[in-house]
file my_file06.cif (mmCIF, N, CA, C and O atoms and all ligand atoms)
data_protein
loop_
_atom_site.label_atom_id
_atom_site.label_comp_id
_atom_site.auth_asym_id
_atom_site.auth_seq_id
_atom_site.Cartn_x
_atom_site.Cartn_y
_atom_site.Cartn_z
N MET A 1 -20.52 7.35 -43.74
CA MET A 1 -20.27 7.14 -45.15
C MET A 1 -19.13 8.04 -45.63
O MET A 1 -19.04 9.19 -45.24
N ALA A 2 -18.28 7.50 -46.46
CA ALA A 2 -17.16 8.27 -47.00
C ALA A 2 -17.68 9.31 -47.98
O ALA A 2 -18.56 9.06 -48.78
N GLN A 3 -17.16 10.52 -47.85
CA GLN A 3 -17.56 11.60 -48.73
C GLN A 3 -16.39 12.57 -48.80
O GLN A 3 -15.95 13.09 -47.79
N ASN A 4 -15.87 12.78 -49.97
CA ASN A 4 -14.72 13.67 -50.13
C ASN A 4 -13.57 13.28 -49.22
O ASN A 4 -12.91 14.13 -48.65
N ASN A 5 -13.34 12.00 -49.05
CA ASN A 5 -12.26 11.45 -48.21
C ASN A 5 -12.45 11.71 -46.72
O ASN A 5 -11.53 11.53 -45.95
N PHE A 6 -13.61 12.15 -46.29
CA PHE A 6 -13.89 12.32 -44.88
C PHE A 6 -14.91 11.27 -44.45
O PHE A 6 -15.81 10.92 -45.20
N VAL A 7 -14.73 10.77 -43.23
CA VAL A 7 -15.66 9.80 -42.67
C VAL A 7 -16.11 10.33 -41.32
O VAL A 7 -15.27 10.69 -40.48
N GLU A 8 -17.41 10.39 -41.11
CA GLU A 8 -17.92 10.85 -39.82
C GLU A 8 -17.73 9.74 -38.79
O GLU A 8 -18.17 8.61 -39.00
N VAL A 9 -17.02 10.07 -37.70
CA VAL A 9 -16.77 9.07 -36.65
C VAL A 9 -17.40 9.48 -35.33
O VAL A 9 -17.27 8.77 -34.34
N GLY A 10 -18.06 10.62 -35.30
CA GLY A 10 -18.70 11.06 -34.08
C GLY A 10 -18.93 12.56 -34.12
O GLY A 10 -18.65 13.22 -35.13
N LYS A 11 -19.43 13.07 -33.01
CA LYS A 11 -19.68 14.49 -32.89
C LYS A 11 -18.50 15.17 -32.21
O LYS A 11 -17.83 14.58 -31.36
N VAL A 12 -18.23 16.40 -32.56
CA VAL A 12 -17.09 17.15 -32.03
C VAL A 12 -17.11 17.17 -30.50
O VAL A 12 -16.08 16.98 -29.86
N ASN A 13 -18.28 17.33 -29.91
CA ASN A 13 -18.35 17.44 -28.44
C ASN A 13 -18.13 16.10 -27.73
O ASN A 13 -18.07 16.06 -26.51
N GLU A 14 -17.99 15.02 -28.48
CA GLU A 14 -17.72 13.72 -27.85
C GLU A 14 -16.24 13.56 -27.50
O GLU A 14 -15.88 12.65 -26.74
N ILE A 15 -15.38 14.42 -28.07
CA ILE A 15 -13.94 14.34 -27.80
C ILE A 15 -13.47 15.72 -27.36
O ILE A 15 -13.10 16.56 -28.17
N PRO A 16 -13.48 15.98 -26.04
CA PRO A 16 -13.06 17.29 -25.54
C PRO A 16 -11.58 17.54 -25.83
O PRO A 16 -10.80 16.61 -26.09
N ASP A 17 -11.18 18.78 -25.72
CA ASP A 17 -9.78 19.18 -25.93
C ASP A 17 -8.87 18.35 -25.01
O ASP A 17 -9.14 18.21 -23.82
N GLY A 18 -7.82 17.79 -25.58
CA GLY A 18 -6.87 17.00 -24.81
C GLY A 18 -7.25 15.55 -24.61
O GLY A 18 -6.59 14.82 -23.89
N LYS A 19 -8.34 15.12 -25.25
CA LYS A 19 -8.82 13.75 -25.09
C LYS A 19 -8.71 12.98 -26.41
O LYS A 19 -8.53 13.56 -27.48
N MET A 20 -8.86 11.66 -26.31
CA MET A 20 -8.78 10.77 -27.47
C MET A 20 -9.99 9.85 -27.49
O MET A 20 -10.65 9.64 -26.47
N LYS A 21 -10.23 9.28 -28.66
CA LYS A 21 -11.32 8.32 -28.80
C LYS A 21 -10.89 7.24 -29.78
O LYS A 21 -10.25 7.53 -30.80
N HIS A 22 -11.25 6.00 -29.46
CA HIS A 22 -11.01 4.88 -30.37
C HIS A 22 -12.22 4.74 -31.29
O HIS A 22 -13.35 4.72 -30.81
N VAL A 23 -11.98 4.66 -32.58
CA VAL A 23 -13.05 4.42 -33.54
C VAL A 23 -12.57 3.37 -34.53
O VAL A 23 -11.38 3.08 -34.64
N GLU A 24 -13.54 2.78 -35.24
CA GLU A 24 -13.19 1.83 -36.30
C GLU A 24 -13.76 2.34 -37.60
O GLU A 24 -14.92 2.74 -37.67
N VAL A 25 -12.91 2.34 -38.63
CA VAL A 25 -13.31 2.81 -39.95
C VAL A 25 -12.90 1.75 -40.96
O VAL A 25 -11.72 1.44 -41.10
N ASP A 26 -13.88 1.19 -41.61
CA ASP A 26 -13.62 0.14 -42.60
C ASP A 26 -12.72 -0.96 -42.03
O ASP A 26 -11.79 -1.44 -42.69
N GLY A 27 -12.97 -1.35 -40.78
CA GLY A 27 -12.23 -2.43 -40.15
C GLY A 27 -10.88 -2.01 -39.59
O GLY A 27 -10.17 -2.84 -39.03
N LYS A 28 -10.51 -0.75 -39.72
CA LYS A 28 -9.24 -0.27 -39.19
C LYS A 28 -9.47 0.46 -37.88
O LYS A 28 -10.40 1.25 -37.76
N GLU A 29 -8.59 0.19 -36.90
CA GLU A 29 -8.70 0.84 -35.59
C GLU A 29 -7.96 2.17 -35.64
O GLU A 29 -6.78 2.22 -35.98
N VAL A 30 -8.67 3.22 -35.29
CA VAL A 30 -8.16 4.58 -35.44
C VAL A 30 -8.29 5.32 -34.12
O VAL A 30 -9.30 5.20 -33.42
N LEU A 31 -7.25 6.07 -33.80
CA LEU A 31 -7.26 6.97 -32.64
C LEU A 31 -7.58 8.36 -33.18
O LEU A 31 -6.91 8.83 -34.10
N VAL A 32 -8.60 8.99 -32.63
CA VAL A 32 -8.91 10.39 -32.98
C VAL A 32 -8.58 11.23 -31.75
O VAL A 32 -9.06 10.94 -30.65
N ALA A 33 -7.75 12.25 -31.93
CA ALA A 33 -7.32 13.09 -30.81
C ALA A 33 -7.71 14.53 -31.08
O ALA A 33 -7.64 15.01 -32.21
N ASN A 34 -8.12 15.19 -30.00
CA ASN A 34 -8.42 16.62 -30.06
C ASN A 34 -7.25 17.37 -29.42
O ASN A 34 -7.01 17.26 -28.22
N VAL A 35 -6.51 18.10 -30.24
CA VAL A 35 -5.37 18.89 -29.76
C VAL A 35 -5.68 20.35 -30.04
O VAL A 35 -5.70 20.79 -31.19
N ASP A 36 -5.98 21.07 -28.98
CA ASP A 36 -6.29 22.51 -29.09
C ASP A 36 -7.41 22.78 -30.09
O ASP A 36 -7.34 23.73 -30.88
N GLY A 37 -8.42 21.91 -30.09
CA GLY A 37 -9.57 22.12 -30.95
C GLY A 37 -9.43 21.61 -32.37
O GLY A 37 -10.36 21.71 -33.16
N LYS A 38 -8.27 21.03 -32.68
CA LYS A 38 -8.08 20.42 -33.99
C LYS A 38 -8.07 18.91 -33.82
O LYS A 38 -7.51 18.40 -32.84
N PHE A 39 -8.64 18.21 -34.78
CA PHE A 39 -8.76 16.76 -34.66
C PHE A 39 -7.79 16.07 -35.61
O PHE A 39 -7.66 16.46 -36.77
N TYR A 40 -7.13 15.03 -35.05
CA TYR A 40 -6.14 14.27 -35.81
C TYR A 40 -6.46 12.79 -35.67
O TYR A 40 -6.98 12.35 -34.64
N ALA A 41 -6.12 12.03 -36.70
CA ALA A 41 -6.38 10.59 -36.68
C ALA A 41 -5.12 9.84 -37.08
O ALA A 41 -4.48 10.18 -38.08
N ILE A 42 -4.77 8.85 -36.26
CA ILE A 42 -3.65 7.96 -36.57
C ILE A 42 -4.08 6.54 -36.23
O ILE A 42 -5.13 6.33 -35.60
N SER A 43 -3.26 5.57 -36.57
CA SER A 43 -3.55 4.19 -36.18
C SER A 43 -3.62 4.11 -34.66
O SER A 43 -2.82 4.72 -33.95
N ASP A 44 -4.58 3.32 -34.17
CA ASP A 44 -4.72 3.19 -32.72
C ASP A 44 -3.89 2.04 -32.17
O ASP A 44 -4.00 1.70 -31.01
N ARG A 45 -3.09 1.40 -32.98
CA ARG A 45 -2.28 0.27 -32.51
C ARG A 45 -0.81 0.63 -32.47
O ARG A 45 -0.25 1.12 -33.45
N CYS A 46 -0.20 0.40 -31.34
CA CYS A 46 1.23 0.62 -31.18
C CYS A 46 1.99 -0.40 -32.02
O CYS A 46 1.66 -1.59 -32.03
N GLY A 47 3.03 0.06 -32.70
CA GLY A 47 3.82 -0.81 -33.54
C GLY A 47 4.69 -1.78 -32.77
O GLY A 47 5.22 -2.72 -33.34
N HIS A 48 4.83 -1.60 -31.47
CA HIS A 48 5.68 -2.47 -30.67
C HIS A 48 4.97 -3.79 -30.36
O HIS A 48 5.34 -4.82 -30.88
N MET A 49 3.94 -3.75 -29.52
CA MET A 49 3.22 -4.97 -29.16
C MET A 49 1.71 -4.79 -29.24
O MET A 49 0.95 -5.44 -28.52
N ASN A 50 1.30 -3.89 -30.12
CA ASN A 50 -0.10 -3.80 -30.52
C ASN A 50 -1.05 -3.22 -29.48
O ASN A 50 -2.26 -3.40 -29.58
N ALA A 51 -0.57 -2.52 -28.48
CA ALA A 51 -1.45 -1.91 -27.48
C ALA A 51 -2.32 -0.84 -28.13
O ALA A 51 -1.95 -0.24 -29.14
N LEU A 52 -3.48 -0.61 -27.53
CA LEU A 52 -4.35 0.47 -27.98
C LEU A 52 -3.81 1.79 -27.46
O LEU A 52 -3.81 2.05 -26.25
N LEU A 53 -3.34 2.63 -28.37
CA LEU A 53 -2.77 3.92 -27.95
C LEU A 53 -3.82 4.81 -27.29
O LEU A 53 -3.49 5.62 -26.42
N SER A 54 -5.07 4.66 -27.68
CA SER A 54 -6.13 5.49 -27.10
C SER A 54 -6.33 5.19 -25.62
O SER A 54 -6.99 5.96 -24.92
N MET A 55 -5.74 4.11 -25.11
CA MET A 55 -5.79 3.79 -23.68
C MET A 55 -4.62 4.44 -22.94
O MET A 55 -4.52 4.33 -21.72
N GLY A 56 -3.74 5.10 -23.68
CA GLY A 56 -2.58 5.77 -23.07
C GLY A 56 -2.91 7.20 -22.69
O GLY A 56 -4.07 7.56 -22.48
N ASN A 57 -1.87 8.00 -22.60
CA ASN A 57 -2.04 9.40 -22.19
C ASN A 57 -1.71 10.33 -23.35
O ASN A 57 -0.75 10.09 -24.08
N LEU A 58 -2.48 11.40 -23.46
CA LEU A 58 -2.23 12.43 -24.46
C LEU A 58 -1.77 13.70 -23.74
O LEU A 58 -2.46 14.22 -22.87
N THR A 59 -0.58 14.16 -24.10
CA THR A 59 -0.05 15.41 -23.57
C THR A 59 0.34 16.27 -24.75
O THR A 59 1.25 15.92 -25.51
N GLY A 60 -0.37 17.37 -24.93
CA GLY A 60 -0.15 18.18 -26.13
C GLY A 60 -0.48 17.33 -27.35
O GLY A 60 -1.57 16.77 -27.43
N ASN A 61 0.47 17.21 -28.26
CA ASN A 61 0.23 16.37 -29.44
C ASN A 61 0.96 15.03 -29.34
O ASN A 61 1.12 14.35 -30.34
N THR A 62 1.36 14.65 -28.12
CA THR A 62 2.10 13.40 -27.94
C THR A 62 1.26 12.38 -27.17
O THR A 62 0.80 12.66 -26.07
N VAL A 63 1.08 11.21 -27.78
CA VAL A 63 0.40 10.12 -27.09
C VAL A 63 1.46 9.13 -26.62
O VAL A 63 2.38 8.80 -27.35
N THR A 64 1.31 8.68 -25.36
CA THR A 64 2.22 7.72 -24.76
C THR A 64 1.52 6.37 -24.65
O THR A 64 0.42 6.27 -24.11
N CYS A 65 2.17 5.34 -25.20
CA CYS A 65 1.60 3.99 -25.17
C CYS A 65 1.46 3.52 -23.73
O CYS A 65 2.38 3.67 -22.93
N PRO A 66 0.31 2.89 -23.40
CA PRO A 66 0.09 2.45 -22.02
C PRO A 66 0.93 1.24 -21.63
O PRO A 66 1.07 0.96 -20.44
N PHE A 67 1.51 0.54 -22.58
CA PHE A 67 2.27 -0.68 -22.23
C PHE A 67 3.73 -0.38 -21.88
O PHE A 67 4.19 -0.71 -20.80
N HIS A 68 4.48 0.19 -22.78
CA HIS A 68 5.92 0.35 -22.55
C HIS A 68 6.43 1.75 -22.84
O HIS A 68 7.63 1.95 -22.99
N GLY A 69 5.52 2.70 -22.98
CA GLY A 69 5.92 4.10 -23.02
C GLY A 69 6.41 4.67 -24.33
O GLY A 69 6.93 5.78 -24.36
N SER A 70 6.25 3.94 -25.44
CA SER A 70 6.58 4.58 -26.72
C SER A 70 5.75 5.84 -26.87
O SER A 70 4.64 5.92 -26.35
N LYS A 71 6.31 6.81 -27.57
CA LYS A 71 5.59 8.06 -27.78
C LYS A 71 5.43 8.32 -29.27
O LYS A 71 6.35 8.06 -30.06
N PHE A 72 4.25 8.85 -29.62
CA PHE A 72 3.93 9.14 -31.01
C PHE A 72 3.33 10.54 -31.11
O PHE A 72 2.58 10.97 -30.22
N ASP A 73 3.65 11.21 -32.20
CA ASP A 73 3.05 12.51 -32.49
C ASP A 73 1.73 12.28 -33.22
O ASP A 73 1.73 11.70 -34.31
N VAL A 74 0.62 12.71 -32.63
CA VAL A 74 -0.68 12.46 -33.27
C VAL A 74 -0.89 13.36 -34.48
O VAL A 74 -1.78 13.10 -35.29
N VAL A 75 -0.10 14.41 -34.61
CA VAL A 75 -0.23 15.29 -35.78
C VAL A 75 0.43 14.66 -37.01
O VAL A 75 -0.14 14.65 -38.09
N THR A 76 1.63 14.08 -36.80
CA THR A 76 2.36 13.50 -37.93
C THR A 76 2.25 11.99 -37.99
O THR A 76 2.51 11.38 -39.03
N GLY A 77 1.90 11.35 -36.86
CA GLY A 77 1.87 9.89 -36.77
C GLY A 77 3.24 9.28 -36.54
O GLY A 77 3.37 8.07 -36.41
N LYS A 78 4.27 10.10 -36.47
CA LYS A 78 5.63 9.59 -36.32
C LYS A 78 5.95 9.20 -34.88
O LYS A 78 5.47 9.83 -33.93
N LYS A 79 6.78 8.16 -34.75
CA LYS A 79 7.25 7.73 -33.43
C LYS A 79 8.28 8.73 -32.93
O LYS A 79 9.19 9.13 -33.66
N LEU A 80 8.12 9.13 -31.67
CA LEU A 80 9.03 10.09 -31.05
C LEU A 80 9.99 9.43 -30.08
O LEU A 80 11.07 9.95 -29.82
N LYS A 81 9.57 8.28 -29.50
CA LYS A 81 10.39 7.62 -28.49
C LYS A 81 10.12 6.12 -28.55
O LYS A 81 8.98 5.69 -28.70
N ASN A 82 11.19 5.34 -28.43
CA ASN A 82 11.08 3.88 -28.43
C ASN A 82 10.53 3.38 -27.11
O ASN A 82 10.50 4.12 -26.12
N PRO A 83 10.13 2.08 -27.06
CA PRO A 83 9.64 1.51 -25.80
C PRO A 83 10.71 1.60 -24.72
O PRO A 83 11.91 1.60 -25.00
N CYS A 84 10.24 1.62 -23.47
CA CYS A 84 11.15 1.72 -22.34
C CYS A 84 10.91 0.51 -21.44
O CYS A 84 9.77 0.20 -21.09
N PHE A 85 11.98 -0.19 -21.06
CA PHE A 85 11.86 -1.34 -20.18
C PHE A 85 12.70 -1.10 -18.95
O PHE A 85 13.84 -0.63 -19.04
N LEU A 86 12.14 -1.45 -17.80
CA LEU A 86 12.89 -1.33 -16.55
C LEU A 86 13.55 -2.67 -16.26
O LEU A 86 12.93 -3.72 -16.37
N ILE A 87 14.81 -2.63 -15.90
CA ILE A 87 15.54 -3.86 -15.57
C ILE A 87 15.95 -3.77 -14.11
O ILE A 87 16.59 -2.80 -13.68
N ASN A 88 15.55 -4.78 -13.34
CA ASN A 88 15.91 -4.80 -11.90
C ASN A 88 17.25 -5.47 -11.69
O ASN A 88 17.67 -6.32 -12.34
S1 LIG A 101 3.14 -1.98 -26.86
FE1 LIG A 101 3.48 0.14 -27.07
S2 LIG A 101 5.47 0.47 -26.31
FE2 LIG A 101 5.16 -1.65 -26.11
#

call {"tool": "encode", "arguments": {"input": "my_file06.cif", "output": "structure tokens", "more": "lines below"}}
Ligand code: FES
result
Amino acid sequence: MAQNNFVEVGKVNEIPDGKMKHVEVDGKEVLVANVDGKFYAISDRCGHMNALLSMGNLTGNTVTCPFHGSKFDVVTGKKLKNPCFLIN
């Protein structure tokens, strides 16, 4: 339940340091990341082709999309790197 703009999405010990979790809040898909004991929430959908970012990799505060490698800062939600395509 929403209270003071906070929504409980789980217990702290369910998301260890350096890990992410996919949750849904009011029909919105959200990625919750634990970075050095602090929790951040951003959209769990990549703006490129809609991949679940929580299925990617988290390094520090940077999540890498599992599809084409876009990178996002989980602290700010900003895109850090565009998709990458290999051409043979
Ligand atoms: S779907 Fe995320 S980079 Fe393409």

call {"tool": "closest_atom_pairs", "arguments": {"input": "my_file06.cif", "of": "chain A", "to": "ligand LIG 101 (chain A)", "cutoff": "7 Å", "atoms": "all atoms listed in the file", "output": "CSV"}}
result
residue,atom,partner,partner_atom,distance
A:Arg45,C,A:LIG101,FE1,6.9
A:Cys46,CA,A:LIG101,FE1,4.7
A:Gly47,N,A:LIG101,FE1,5.6
A:His48,C,A:LIG101,S1,4.3
A:Met49,N,A:LIG101,S1,3.3
A:Asn50,N,A:LIG101,S1,4.2
A:Ala51,N,A:LIG101,S1,4.1
A:Leu52,N,A:LIG101,S1,6.8
A:Thr64,C,A:LIG101,FE1,7.0
A:Cys65,CA,A:LIG101,FE1,4.7
A:Pro66,N,A:LIG101,FE1,5.6
A:Phe67,C,A:LIG101,FE2,4.6
A:His68,N,A:LIG101,S2,3.7
A:Gly69,N,A:LIG101,S2,4.0
A:Ser70,N,A:LIG101,S2,3.7
A:Lys71,N,A:LIG101,S2,6.5
A:Lys81,O,A:LIG101,S2,6.7
A:Asn82,C,A:LIG101,S2,5.9
A:Pro83,CA,A:LIG101,S2,4.3
A:Cys84,N,A:LIG101,S2,5.7

call {"tool": "closest_residue", "arguments": {"input": "my_file06.cif", "among": "A:Gly18, A:Gly77, A:Leu31, A:Val9", "to": "A:Ser54", "atoms": "all atoms listed in the file"}}
result
A:Leu31

call {"tool": "residues_around", "arguments": {"input": "my_file06.cif", "residues": "A:Phe39", "least_positions_apart": "2", "cutoff": "12 Å", "atoms": "only C-alpha atoms", "output": "PyMOL selection string"}}
result
chain A and resi 9-21+31-37+41-42+61+74-75

call {"tool": "atom_distance", "arguments": {"input": "my_file06.cif", "atom1": "atom C of A:Glu8", "atom2": "atom N of A:Lys79"}}
result
24.9 Å

call {"tool": "atom_distance", "arguments": {"input": "my_file06.cif", "atom1": "atom CA of A:Met55", "atom2": "atom C of A:Gly27"}}
result
17.7 Å

call {"tool": "atom_distance", "arguments": {"input": "my_file06.cif", "atom1": "atom CA of A:Lys78", "atom2": "atom CA of A:Glu24"}}
result
20.4 Å

call {"tool": "select_by_dssp", "arguments": {"input": "my_file06.cif", "residues": "chain A", "states": "strand (DSSP E)", "output": "VMD selection string"}}
result
chain A and resid 20 to 25 28 to 35 38 to 43 57 to 59 62 to 64 71 to 73 79 to 81
